[in-house]
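What follows is a single structure, written as structure tokens, with notes after it.
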Amino acid sequence: MNYVQFTAETTSNGVVERDFTVGEIPGVLWSPASGPDRAPLVLMGHGGGTHKKWPAMTGRAHLLVTRCGFHVACIDAPGHGDRPRTAHDEQEIAALFEAREAGEPEGPVVVRYNAHLAERAVPEWQATLDALQELPEIGADGPVGYFGLNMGTAIGVPLAAADSRITAAVFGLHWPDALAETAKQITIPVEFDMQWDDEHIPRESALALFDAFASHEKTLHANAGRHKQTPRFEADSAVRFFARHLGCDVTSTA
């Protein structure tokens, strides 16, 4: 069994940030600076072309830690961040740029590549969760959430379907092609984000993925704007969503 090995630690604004590895998987764990009290865990999946400490990841993690007292973990997806790219990664990235330069739809390449990444990433996430739950401040019996948009959804949907430890999830901003059938297996509470004017994901495609989830409680958040214009207040909404389903009293920032 793999274990969490911490490699660096910093503290700022009430949040302890610890770099770690689980085997060869690099990750980061954000926790309350107040102490090692047992608290729920939120797993975060980053978007394509970014990494575990991308500003959006750090910002969302700090909200979840400071307002709910949660622990938050993110790992680099295969071929991202501190992880080397394979020949297949390079081939798919080149195909994406070729489509972009030719003015062709990027979706078919992204869907295909993200499905491949998910096959590699889901068992890595499960191994990471196994290891994190060995930590006394997290434990094996606490609730677990998942928060991931874009590629984070491509990985998170099959992960949530495969692992019953995840009890609530925030998804969004992805095509249904490789995910709809798997989404039908998911019954946990889901909050789903989409952009009404997304230039890459047709409106009907986003709605089709939302519709596919079998959850009795699922909420659609549709905002005006293009693909990369998701409002920052959706992160606040995600905090409230996880507070309801994982258990905490949200601390107001006002």
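Just remember, in the structure tokens the first chain shown is A, the second B, etc., residues are 1-based per chain, and ligands are 1-based in the order shown.
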Could you pull out the alpha helix (DSSP H) residues of region 65-251 of chain A, going by DSSP on the backbone, and write them as a PDB file with N, CA and C atoms, in the first residue's frame?
ATOM      1  N   VAL A  65     -11.218  25.625   2.985  1.00  0.00           N
ATOM      2  CA  VAL A  65     -10.525  25.475   4.268  1.00  0.00           C
ATOM      3  C   VAL A  65     -10.957  26.557   5.243  1.00  0.00           C
ATOM      4  N   THR A  66     -10.919  27.818   4.812  1.00  0.00           N
ATOM      5  CA  THR A  66     -11.172  28.914   5.751  1.00  0.00           C
ATOM      6  C   THR A  66     -12.645  29.073   6.099  1.00  0.00           C
ATOM      7  N   ARG A  67     -13.547  28.709   5.187  1.00  0.00           N
ATOM      8  CA  ARG A  67     -14.964  28.903   5.461  1.00  0.00           C
ATOM      9  C   ARG A  67     -15.661  27.664   6.016  1.00  0.00           C
ATOM     10  N   CYS A  68     -15.060  26.484   5.787  1.00  0.00           N
ATOM     11  CA  CYS A  68     -15.687  25.250   6.269  1.00  0.00           C
ATOM     12  C   CYS A  68     -14.782  24.412   7.167  1.00  0.00           C
ATOM     13  N   ALA A  87       4.464   9.852 -25.059  1.00  0.00           N
ATOM     14  CA  ALA A  87       4.365  10.118 -26.493  1.00  0.00           C
ATOM     15  C   ALA A  87       2.904  10.334 -26.890  1.00  0.00           C
ATOM     16  N   HIS A  88       1.992   9.602 -26.254  1.00  0.00           N
ATOM     17  CA  HIS A  88       0.568   9.768 -26.538  1.00  0.00           C
ATOM     18  C   HIS A  88       0.082  11.144 -26.109  1.00  0.00           C
ATOM     19  N   ASP A  89       0.541  11.612 -24.948  1.00  0.00           N
ATOM     20  CA  ASP A  89       0.190  12.965 -24.505  1.00  0.00           C
ATOM     21  C   ASP A  89       0.623  13.985 -25.551  1.00  0.00           C
ATOM     22  N   GLU A  90       1.854  13.906 -25.989  1.00  0.00           N
ATOM     23  CA  GLU A  90       2.391  14.862 -26.961  1.00  0.00           C
ATOM     24  C   GLU A  90       1.590  14.819 -28.267  1.00  0.00           C
ATOM     25  N   GLN A  91       1.212  13.621 -28.681  1.00  0.00           N
ATOM     26  CA  GLN A  91       0.451  13.470 -29.920  1.00  0.00           C
ATOM     27  C   GLN A  91      -0.913  14.150 -29.807  1.00  0.00           C
ATOM     28  N   GLU A  92      -1.594  13.952 -28.693  1.00  0.00           N
ATOM     29  CA  GLU A  92      -2.923  14.535 -28.519  1.00  0.00           C
ATOM     30  C   GLU A  92      -2.866  16.046 -28.349  1.00  0.00           C
ATOM     31  N   ILE A  93      -1.865  16.540 -27.663  1.00  0.00           N
ATOM     32  CA  ILE A  93      -1.706  17.988 -27.504  1.00  0.00           C
ATOM     33  C   ILE A  93      -1.423  18.635 -28.852  1.00  0.00           C
ATOM     34  N   ALA A  94      -0.599  17.987 -29.656  1.00  0.00           N
ATOM     35  CA  ALA A  94      -0.330  18.509 -31.004  1.00  0.00           C
ATOM     36  C   ALA A  94      -1.604  18.528 -31.839  1.00  0.00           C
ATOM     37  N   ALA A  95      -2.418  17.495 -31.728  1.00  0.00           N
ATOM     38  CA  ALA A  95      -3.672  17.439 -32.478  1.00  0.00           C
ATOM     39  C   ALA A  95      -4.616  18.548 -32.050  1.00  0.00           C
ATOM     40  N   LEU A  96      -4.615  18.869 -30.756  1.00  0.00           N
ATOM     41  CA  LEU A  96      -5.460  19.951 -30.254  1.00  0.00           C
ATOM     42  C   LEU A  96      -5.041  21.291 -30.849  1.00  0.00           C
ATOM     43  N   PHE A  97      -3.748  21.558 -30.844  1.00  0.00           N
ATOM     44  CA  PHE A  97      -3.263  22.830 -31.398  1.00  0.00           C
ATOM     45  C   PHE A  97      -3.494  22.910 -32.906  1.00  0.00           C
ATOM     46  N   GLU A  98      -3.379  21.787 -33.590  1.00  0.00           N
ATOM     47  CA  GLU A  98      -3.642  21.775 -35.034  1.00  0.00           C
ATOM     48  C   GLU A  98      -5.098  22.126 -35.313  1.00  0.00           C
ATOM     49  N   ALA A  99      -6.012  21.550 -34.537  1.00  0.00           N
ATOM     50  CA  ALA A  99      -7.432  21.857 -34.716  1.00  0.00           C
ATOM     51  C   ALA A  99      -7.704  23.327 -34.422  1.00  0.00           C
ATOM     52  N   ARG A 100      -7.078  23.844 -33.382  1.00  0.00           N
ATOM     53  CA  ARG A 100      -7.286  25.249 -32.995  1.00  0.00           C
ATOM     54  C   ARG A 100      -6.776  26.181 -34.090  1.00  0.00           C
ATOM     55  N   GLU A 101      -5.594  25.905 -34.612  1.00  0.00           N
ATOM     56  CA  GLU A 101      -5.019  26.770 -35.648  1.00  0.00           C
ATOM     57  C   GLU A 101      -5.809  26.702 -36.960  1.00  0.00           C
ATOM     58  N   GLY A 107     -13.523  20.067 -29.579  1.00  0.00           N
ATOM     59  CA  GLY A 107     -14.204  19.079 -28.754  1.00  0.00           C
ATOM     60  C   GLY A 107     -13.820  17.640 -29.016  1.00  0.00           C
ATOM     61  N   PRO A 108     -13.813  17.166 -30.272  1.00  0.00           N
ATOM     62  CA  PRO A 108     -13.494  15.755 -30.507  1.00  0.00           C
ATOM     63  C   PRO A 108     -12.127  15.338 -29.962  1.00  0.00           C
ATOM     64  N   VAL A 109     -11.143  16.223 -30.088  1.00  0.00           N
ATOM     65  CA  VAL A 109      -9.811  15.905 -29.567  1.00  0.00           C
ATOM     66  C   VAL A 109      -9.822  15.910 -28.044  1.00  0.00           C
ATOM     67  N   VAL A 110     -10.434  16.935 -27.446  1.00  0.00           N
ATOM     68  CA  VAL A 110     -10.465  17.055 -25.987  1.00  0.00           C
ATOM     69  C   VAL A 110     -11.197  15.871 -25.366  1.00  0.00           C
ATOM     70  N   VAL A 111     -12.348  15.516 -25.919  1.00  0.00           N
ATOM     71  CA  VAL A 111     -13.122  14.391 -25.387  1.00  0.00           C
ATOM     72  C   VAL A 111     -12.308  13.109 -25.437  1.00  0.00           C
ATOM     73  N   ARG A 112     -11.678  12.851 -26.572  1.00  0.00           N
ATOM     74  CA  ARG A 112     -10.880  11.621 -26.732  1.00  0.00           C
ATOM     75  C   ARG A 112      -9.701  11.597 -25.762  1.00  0.00           C
ATOM     76  N   TYR A 113      -8.972  12.714 -25.681  1.00  0.00           N
ATOM     77  CA  TYR A 113      -7.785  12.757 -24.825  1.00  0.00           C
ATOM     78  C   TYR A 113      -8.166  12.694 -23.349  1.00  0.00           C
ATOM     79  N   ASN A 114      -9.213  13.422 -22.967  1.00  0.00           N
ATOM     80  CA  ASN A 114      -9.619  13.410 -21.558  1.00  0.00           C
ATOM     81  C   ASN A 114     -10.104  12.031 -21.118  1.00  0.00           C
ATOM     82  N   ALA A 115     -10.754  11.305 -22.017  1.00  0.00           N
ATOM     83  CA  ALA A 115     -11.182   9.944 -21.682  1.00  0.00           C
ATOM     84  C   ALA A 115      -9.969   9.055 -21.422  1.00  0.00           C
ATOM     85  N   HIS A 116      -8.931   9.243 -22.216  1.00  0.00           N
ATOM     86  CA  HIS A 116      -7.691   8.486 -22.008  1.00  0.00           C
ATOM     87  C   HIS A 116      -7.052   8.860 -20.668  1.00  0.00           C
ATOM     88  N   LEU A 117      -7.019  10.157 -20.362  1.00  0.00           N
ATOM     89  CA  LEU A 117      -6.444  10.596 -19.096  1.00  0.00           C
ATOM     90  C   LEU A 117      -7.233  10.052 -17.911  1.00  0.00           C
ATOM     91  N   ALA A 118      -8.553  10.002 -18.040  1.00  0.00           N
ATOM     92  CA  ALA A 118      -9.388   9.496 -16.958  1.00  0.00           C
ATOM     93  C   ALA A 118      -9.075   8.036 -16.656  1.00  0.00           C
ATOM     94  N   GLU A 119      -8.835   7.243 -17.680  1.00  0.00           N
ATOM     95  CA  GLU A 119      -8.499   5.832 -17.465  1.00  0.00           C
ATOM     96  C   GLU A 119      -7.242   5.700 -16.613  1.00  0.00           C
ATOM     97  N   ARG A 120      -6.316   6.621 -16.802  1.00  0.00           N
ATOM     98  CA  ARG A 120      -5.076   6.596 -16.024  1.00  0.00           C
ATOM     99  C   ARG A 120      -5.259   7.229 -14.643  1.00  0.00           C
ATOM    100  N   ALA A 121      -6.089   8.281 -14.570  1.00  0.00           N
ATOM    101  CA  ALA A 121      -6.172   9.079 -13.354  1.00  0.00           C
ATOM    102  C   ALA A 121      -7.083   8.487 -12.285  1.00  0.00           C
ATOM    103  N   VAL A 122      -8.146   7.795 -12.669  1.00  0.00           N
ATOM    104  CA  VAL A 122      -9.085   7.278 -11.672  1.00  0.00           C
ATOM    105  C   VAL A 122      -8.401   6.347 -10.667  1.00  0.00           C
ATOM    106  N   PRO A 123      -7.631   5.336 -11.090  1.00  0.00           N
ATOM    107  CA  PRO A 123      -6.953   4.503 -10.091  1.00  0.00           C
ATOM    108  C   PRO A 123      -5.924   5.280  -9.273  1.00  0.00           C
ATOM    109  N   GLU A 124      -5.339   6.318  -9.864  1.00  0.00           N
ATOM    110  CA  GLU A 124      -4.391   7.143  -9.101  1.00  0.00           C
ATOM    111  C   GLU A 124      -5.121   7.921  -8.005  1.00  0.00           C
ATOM    112  N   TRP A 125      -6.295   8.453  -8.333  1.00  0.00           N
ATOM    113  CA  TRP A 125      -7.087   9.159  -7.327  1.00  0.00           C
ATOM    114  C   TRP A 125      -7.515   8.204  -6.212  1.00  0.00           C
ATOM    115  N   GLN A 126      -7.888   6.994  -6.568  1.00  0.00           N
ATOM    116  CA  GLN A 126      -8.318   6.048  -5.548  1.00  0.00           C
ATOM    117  C   GLN A 126      -7.166   5.656  -4.624  1.00  0.00           C
ATOM    118  N   ALA A 127      -5.972   5.494  -5.187  1.00  0.00           N
ATOM    119  CA  ALA A 127      -4.799   5.205  -4.361  1.00  0.00           C
ATOM    120  C   ALA A 127      -4.477   6.387  -3.461  1.00  0.00           C
ATOM    121  N   THR A 128      -4.625   7.597  -4.006  1.00  0.00           N
ATOM    122  CA  THR A 128      -4.370   8.796  -3.203  1.00  0.00           C
ATOM    123  C   THR A 128      -5.376   8.909  -2.069  1.00  0.00           C
ATOM    124  N   LEU A 129      -6.646   8.652  -2.356  1.00  0.00           N
ATOM    125  CA  LEU A 129      -7.669   8.712  -1.312  1.00  0.00           C
ATOM    126  C   LEU A 129      -7.413   7.660  -0.237  1.00  0.00           C
ATOM    127  N   ASP A 130      -7.027   6.466  -0.639  1.00  0.00           N
ATOM    128  CA  ASP A 130      -6.656   5.429   0.337  1.00  0.00           C
ATOM    129  C   ASP A 130      -5.594   5.962   1.294  1.00  0.00           C
ATOM    130  N   ALA A 131      -4.560   6.588   0.722  1.00  0.00           N
ATOM    131  CA  ALA A 131      -3.442   7.072   1.532  1.00  0.00           C
ATOM    132  C   ALA A 131      -3.853   8.246   2.412  1.00  0.00           C
ATOM    133  N   LEU A 132      -4.622   9.185   1.869  1.00  0.00           N
ATOM    134  CA  LEU A 132      -5.048  10.335   2.659  1.00  0.00           C
ATOM    135  C   LEU A 132      -5.923   9.918   3.831  1.00  0.00           C
ATOM    136  N   MET A 151     -11.576  19.319 -17.594  1.00  0.00           N
ATOM    137  CA  MET A 151     -10.951  18.009 -17.485  1.00  0.00           C
ATOM    138  C   MET A 151     -11.197  17.402 -16.110  1.00  0.00           C
ATOM    139  N   GLY A 152     -11.362  18.258 -15.099  1.00  0.00           N
ATOM    140  CA  GLY A 152     -11.687  17.761 -13.764  1.00  0.00           C
ATOM    141  C   GLY A 152     -13.007  17.001 -13.740  1.00  0.00           C
ATOM    142  N   THR A 153     -13.938  17.371 -14.625  1.00  0.00           N
ATOM    143  CA  THR A 153     -15.189  16.619 -14.753  1.00  0.00           C
ATOM    144  C   THR A 153     -14.965  15.327 -15.515  1.00  0.00           C
ATOM    145  N   ALA A 154     -14.150  15.377 -16.567  1.00  0.00           N
ATOM    146  CA  ALA A 154     -13.867  14.168 -17.350  1.00  0.00           C
ATOM    147  C   ALA A 154     -13.269  13.069 -16.479  1.00  0.00           C
ATOM    148  N   ILE A 155     -12.478  13.458 -15.488  1.00  0.00           N
ATOM    149  CA  ILE A 155     -11.887  12.489 -14.559  1.00  0.00           C
ATOM    150  C   ILE A 155     -12.828  12.214 -13.397  1.00  0.00           C
ATOM    151  N   GLY A 156     -13.511  13.250 -12.922  1.00  0.00           N
ATOM    152  CA  GLY A 156     -14.330  13.123 -11.724  1.00  0.00           C
ATOM    153  C   GLY A 156     -15.580  12.284 -11.905  1.00  0.00           C
ATOM    154  N   VAL A 157     -16.209  12.326 -13.079  1.00  0.00           N
ATOM    155  CA  VAL A 157     -17.425  11.539 -13.286  1.00  0.00           C
ATOM    156  C   VAL A 157     -17.132  10.032 -13.176  1.00  0.00           C
ATOM    157  N   PRO A 158     -16.159   9.494 -13.897  1.00  0.00           N
ATOM    158  CA  PRO A 158     -15.870   8.067 -13.717  1.00  0.00           C
ATOM    159  C   PRO A 158     -15.339   7.737 -12.318  1.00  0.00           C
ATOM    160  N   LEU A 159     -14.643   8.697 -11.686  1.00  0.00           N
ATOM    161  CA  LEU A 159     -14.159   8.462 -10.323  1.00  0.00           C
ATOM    162  C   LEU A 159     -15.333   8.345  -9.358  1.00  0.00           C
ATOM    163  N   ALA A 160     -16.282   9.277  -9.447  1.00  0.00           N
ATOM    164  CA  ALA A 160     -17.437   9.238  -8.545  1.00  0.00           C
ATOM    165  C   ALA A 160     -18.283   7.992  -8.779  1.00  0.00           C
ATOM    166  N   ALA A 161     -18.368   7.558 -10.039  1.00  0.00           N
ATOM    167  CA  ALA A 161     -19.134   6.347 -10.341  1.00  0.00           C
ATOM    168  C   ALA A 161     -18.455   5.101  -9.781  1.00  0.00           C
ATOM    169  N   ALA A 162     -17.122   5.137  -9.713  1.00  0.00           N
ATOM    170  CA  ALA A 162     -16.364   3.956  -9.292  1.00  0.00           C
ATOM    171  C   ALA A 162     -16.130   3.888  -7.793  1.00  0.00           C
ATOM    172  N   ALA A 180     -21.807  10.530 -20.535  1.00  0.00           N
ATOM    173  CA  ALA A 180     -23.239  10.424 -20.239  1.00  0.00           C
ATOM    174  C   ALA A 180     -23.617   9.054 -19.682  1.00  0.00           C
ATOM    175  N   GLU A 181     -23.110   7.980 -20.262  1.00  0.00           N
ATOM    176  CA  GLU A 181     -23.466   6.651 -19.776  1.00  0.00           C
ATOM    177  C   GLU A 181     -22.975   6.432 -18.350  1.00  0.00           C
ATOM    178  N   THR A 182     -21.787   6.930 -18.052  1.00  0.00           N
ATOM    179  CA  THR A 182     -21.255   6.809 -16.696  1.00  0.00           C
ATOM    180  C   THR A 182     -22.034   7.690 -15.732  1.00  0.00           C
ATOM    181  N   ALA A 183     -22.427   8.881 -16.185  1.00  0.00           N
ATOM    182  CA  ALA A 183     -23.196   9.787 -15.331  1.00  0.00           C
ATOM    183  C   ALA A 183     -24.508   9.149 -14.884  1.00  0.00           C
ATOM    184  N   ARG A 203     -24.730  24.399 -26.157  1.00  0.00           N
ATOM    185  CA  ARG A 203     -25.657  24.464 -25.025  1.00  0.00           C
ATOM    186  C   ARG A 203     -26.380  23.133 -24.820  1.00  0.00           C
ATOM    187  N   GLU A 204     -26.843  22.528 -25.912  1.00  0.00           N
ATOM    188  CA  GLU A 204     -27.578  21.282 -25.788  1.00  0.00           C
ATOM    189  C   GLU A 204     -26.692  20.143 -25.292  1.00  0.00           C
ATOM    190  N   SER A 205     -25.396  20.218 -25.572  1.00  0.00           N
ATOM    191  CA  SER A 205     -24.476  19.192 -25.084  1.00  0.00           C
ATOM    192  C   SER A 205     -24.291  19.292 -23.572  1.00  0.00           C
ATOM    193  N   ALA A 206     -24.114  20.514 -23.082  1.00  0.00           N
ATOM    194  CA  ALA A 206     -23.987  20.706 -21.637  1.00  0.00           C
ATOM    195  C   ALA A 206     -25.247  20.241 -20.921  1.00  0.00           C
ATOM    196  N   LEU A 207     -26.402  20.589 -21.463  1.00  0.00           N
ATOM    197  CA  LEU A 207     -27.663  20.186 -20.848  1.00  0.00           C
ATOM    198  C   LEU A 207     -27.834  18.665 -20.882  1.00  0.00           C
ATOM    199  N   ALA A 208     -27.353  18.027 -21.937  1.00  0.00           N
ATOM    200  CA  ALA A 208     -27.460  16.572 -22.040  1.00  0.00           C
ATOM    201  C   ALA A 208     -26.645  15.875 -20.953  1.00  0.00           C
ATOM    202  N   LEU A 209     -25.474  16.407 -20.641  1.00  0.00           N
ATOM    203  CA  LEU A 209     -24.670  15.800 -19.580  1.00  0.00           C
ATOM    204  C   LEU A 209     -25.339  16.000 -18.229  1.00  0.00           C
ATOM    205  N   PHE A 210     -25.842  17.200 -17.964  1.00  0.00           N
ATOM    206  CA  PHE A 210     -26.560  17.435 -16.711  1.00  0.00           C
ATOM    207  C   PHE A 210     -27.737  16.479 -16.590  1.00  0.00           C
ATOM    208  N   ASP A 211     -28.478  16.325 -17.661  1.00  0.00           N
ATOM    209  CA  ASP A 211     -29.668  15.478 -17.648  1.00  0.00           C
ATOM    210  C   ASP A 211     -29.320  14.018 -17.379  1.00  0.00           C
ATOM    211  N   ALA A 212     -28.118  13.599 -17.751  1.00  0.00           N
ATOM    212  CA  ALA A 212     -27.740  12.188 -17.627  1.00  0.00           C
ATOM    213  C   ALA A 212     -27.551  11.741 -16.178  1.00  0.00           C
ATOM    214  N   PHE A 233     -18.240  33.762  -8.294  1.00  0.00           N
ATOM    215  CA  PHE A 233     -19.176  33.442  -7.218  1.00  0.00           C
ATOM    216  C   PHE A 233     -19.636  31.990  -7.264  1.00  0.00           C
ATOM    217  N   GLU A 234     -19.375  31.292  -8.375  1.00  0.00           N
ATOM    218  CA  GLU A 234     -19.704  29.870  -8.396  1.00  0.00           C
ATOM    219  C   GLU A 234     -18.836  29.081  -7.419  1.00  0.00           C
ATOM    220  N   ALA A 235     -17.651  29.574  -7.133  1.00  0.00           N
ATOM    221  CA  ALA A 235     -16.819  28.919  -6.114  1.00  0.00           C
ATOM    222  C   ALA A 235     -17.459  29.062  -4.738  1.00  0.00           C
ATOM    223  N   ASP A 236     -18.056  30.226  -4.461  1.00  0.00           N
ATOM    224  CA  ASP A 236     -18.777  30.412  -3.202  1.00  0.00           C
ATOM    225  C   ASP A 236     -19.973  29.460  -3.120  1.00  0.00           C
ATOM    226  N   SER A 237     -20.664  29.286  -4.245  1.00  0.00           N
ATOM    227  CA  SER A 237     -21.791  28.362  -4.273  1.00  0.00           C
ATOM    228  C   SER A 237     -21.332  26.939  -3.988  1.00  0.00           C
ATOM    229  N   ALA A 238     -20.174  26.555  -4.550  1.00  0.00           N
ATOM    230  CA  ALA A 238     -19.642  25.218  -4.298  1.00  0.00           C
ATOM    231  C   ALA A 238     -19.335  25.018  -2.816  1.00  0.00           C
ATOM    232  N   VAL A 239     -18.824  26.060  -2.162  1.00  0.00           N
ATOM    233  CA  VAL A 239     -18.559  25.970  -0.724  1.00  0.00           C
ATOM    234  C   VAL A 239     -19.857  25.676   0.032  1.00  0.00           C
ATOM    235  N   ARG A 240     -20.918  26.406  -0.300  1.00  0.00           N
ATOM    236  CA  ARG A 240     -22.200  26.180   0.375  1.00  0.00           C
ATOM    237  C   ARG A 240     -22.744  24.782   0.076  1.00  0.00           C
ATOM    238  N   PHE A 241     -22.557  24.328  -1.158  1.00  0.00           N
ATOM    239  CA  PHE A 241     -23.009  22.987  -1.541  1.00  0.00           C
ATOM    240  C   PHE A 241     -22.307  21.924  -0.695  1.00  0.00           C
ATOM    241  N   PHE A 242     -20.981  22.007  -0.607  1.00  0.00           N
ATOM    242  CA  PHE A 242     -20.253  21.011   0.179  1.00  0.00           C
ATOM    243  C   PHE A 242     -20.551  21.145   1.665  1.00  0.00           C
TER     244      PHE A 242
END
| field | Exercise: Thr7 (chain A) partners within 12 Å, only C-alpha atoms, chain neighbours under 4 positions left out, as number ranges by chain | value | A: 17-22, 26-29
Using only C-alpha atoms, please write the residues we just selected to a file, as an mmCIF file, in the first residue's frame.
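Here's the written file out-v8.cif:
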data_model
loop_
_atom_site.group_PDB
_atom_site.id
_atom_site.type_symbol
_atom_site.label_atom_id
_atom_site.label_comp_id
_atom_site.auth_asym_id
_atom_site.auth_seq_id
_atom_site.Cartn_x
_atom_site.Cartn_y
_atom_site.Cartn_z
ATOM 1 C CA GLU A 17 -0.290 23.875 2.411
ATOM 2 C CA ARG A 18 1.617 20.584 2.298
ATOM 3 C CA ASP A 19 3.152 19.115 -0.846
ATOM 4 C CA PHE A 20 3.067 15.330 -0.902
ATOM 5 C CA THR A 21 3.655 12.268 -2.998
ATOM 6 C CA VAL A 22 1.781 8.971 -3.037
ATOM 7 C CA PRO A 26 2.560 14.465 -6.763
ATOM 8 C CA GLY A 27 -0.137 16.334 -4.886
ATOM 9 C CA VAL A 28 -0.929 19.097 -2.439
ATOM 10 C CA LEU A 29 -3.070 19.046 0.708
#
| query | Of the candidates A:Asp76, A:Glu9, A:Asp82, A:Glu217, which one gets nearest to Gly48 (chain A) if we count only C-alpha atoms? | reply |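 With only C-alpha atoms as the atom set, the closest residue is A:Asp76.
Using only C-alpha atoms, the smallest distance between any of A:Leu149, A:Ala61, A:Ala102, A:Ala140 and Pro32 (chain A) comes from A:Ala61.
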| said: When you count only C-alpha atoms, which of these residues is closest to His71 (chain A): A:Phe192, A:Phe6, A:Phe213, A:Tyr146? | reply: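 Looking at the shortest contact to His71 (chain A), the residue is A:Tyr146.
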Shell around region 33-37 of chain A at 12 Å using only C-alpha atoms, local window under 5 positions removed, as a CSV table (one decimal) with N, CA and C atoms, in the first residue's frame:
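Produced file result-v8.csv, reproduced below:
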chain,number,residue,atom,x,y,z
A,9,GLU,N,6.1,22.2,3.4
A,9,GLU,CA,5.0,22.8,4.1
A,9,GLU,C,5.1,24.3,4.3
A,10,THR,N,4.0,25.0,4.0
A,10,THR,CA,4.0,26.5,4.2
A,10,THR,C,2.6,26.8,4.9
A,11,THR,N,2.6,27.9,5.5
A,11,THR,CA,1.3,28.4,6.2
A,11,THR,C,1.1,29.8,5.9
A,12,SER,N,-0.2,30.2,5.4
A,12,SER,CA,-0.5,31.6,5.2
A,12,SER,C,-2.0,31.7,5.3
A,13,ASN,N,-2.4,32.8,6.0
A,13,ASN,CA,-3.8,33.2,6.1
A,13,ASN,C,-4.7,32.1,6.6
A,14,GLY,N,-4.2,31.4,7.6
A,14,GLY,CA,-4.9,30.3,8.3
A,14,GLY,C,-5.0,29.0,7.6
A,15,VAL,N,-4.2,28.8,6.5
A,15,VAL,CA,-4.2,27.6,5.7
A,15,VAL,C,-2.8,27.0,5.7
A,16,VAL,N,-2.7,25.7,6.0
A,16,VAL,CA,-1.4,25.0,5.9
A,16,VAL,C,-1.5,24.3,4.5
A,17,GLU,N,-0.4,24.5,3.7
A,17,GLU,CA,-0.3,23.9,2.4
A,17,GLU,C,0.9,22.9,2.5
A,18,ARG,N,0.6,21.6,2.2
A,18,ARG,CA,1.6,20.6,2.3
A,18,ARG,C,1.7,19.9,1.0
A,62,HIS,N,-8.6,27.4,-0.6
A,62,HIS,CA,-8.6,28.4,0.5
A,62,HIS,C,-10.0,28.7,1.0
A,65,VAL,N,-11.2,25.6,3.0
A,65,VAL,CA,-10.5,25.5,4.3
A,65,VAL,C,-11.0,26.6,5.2
A,66,THR,N,-10.9,27.8,4.8
A,66,THR,CA,-11.2,28.9,5.8
A,66,THR,C,-12.6,29.1,6.1
A,69,GLY,N,-13.5,24.7,7.2
A,69,GLY,CA,-12.6,23.9,8.0
A,69,GLY,C,-12.3,22.6,7.3
A,70,PHE,N,-12.5,22.4,6.0
A,70,PHE,CA,-12.3,21.1,5.3
A,70,PHE,C,-10.8,21.0,5.0
A,71,HIS,N,-10.4,19.7,4.7
A,71,HIS,CA,-9.1,19.4,4.1
A,71,HIS,C,-9.4,19.3,2.6
A,135,LEU,N,-4.4,9.3,7.2
A,135,LEU,CA,-4.0,10.4,8.1
A,135,LEU,C,-5.0,10.6,9.2
A,136,PRO,N,-4.5,10.8,10.4
A,136,PRO,CA,-5.5,10.9,11.6
A,136,PRO,C,-6.4,12.1,11.4
A,137,GLU,N,-6.0,13.2,10.8
A,137,GLU,CA,-6.8,14.4,10.6
A,137,GLU,C,-7.9,14.2,9.6
A,138,ILE,N,-7.9,13.1,8.8
A,138,ILE,CA,-8.9,12.8,7.8
A,138,ILE,C,-9.6,11.6,8.1
A,139,GLY,N,-9.0,10.4,8.3
A,139,GLY,CA,-9.6,9.2,8.7
A,139,GLY,C,-10.4,8.5,7.6
A,142,GLY,N,-14.8,9.6,7.3
A,142,GLY,CA,-15.3,10.9,7.1
A,142,GLY,C,-15.9,11.1,5.7
| query | By how many Å are CA of Gly47 (chain A) and CA of Asn150 (chain A) apart? | reply | 5.4 Å
| query | Suppose you want the space between CA of Val190 (chain A) and CA of Pro143 (chain A); what is it in Å? | reply | 14.8 Å
| request: Could you tell me how far CA of Thr58 (chain A) lies from CA of Pro202 (chain A), in Å and to one decimal? | output: 28.9 Å
| message | Under the rule that only C-alpha atoms are counted, which of A:Gly145, A:Thr86, A:Leu41, A:Arg232 is the nearest residue to Arg60 (chain A)? | response |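 Closest to Arg60 (chain A), using only C-alpha atoms: A:Arg232.
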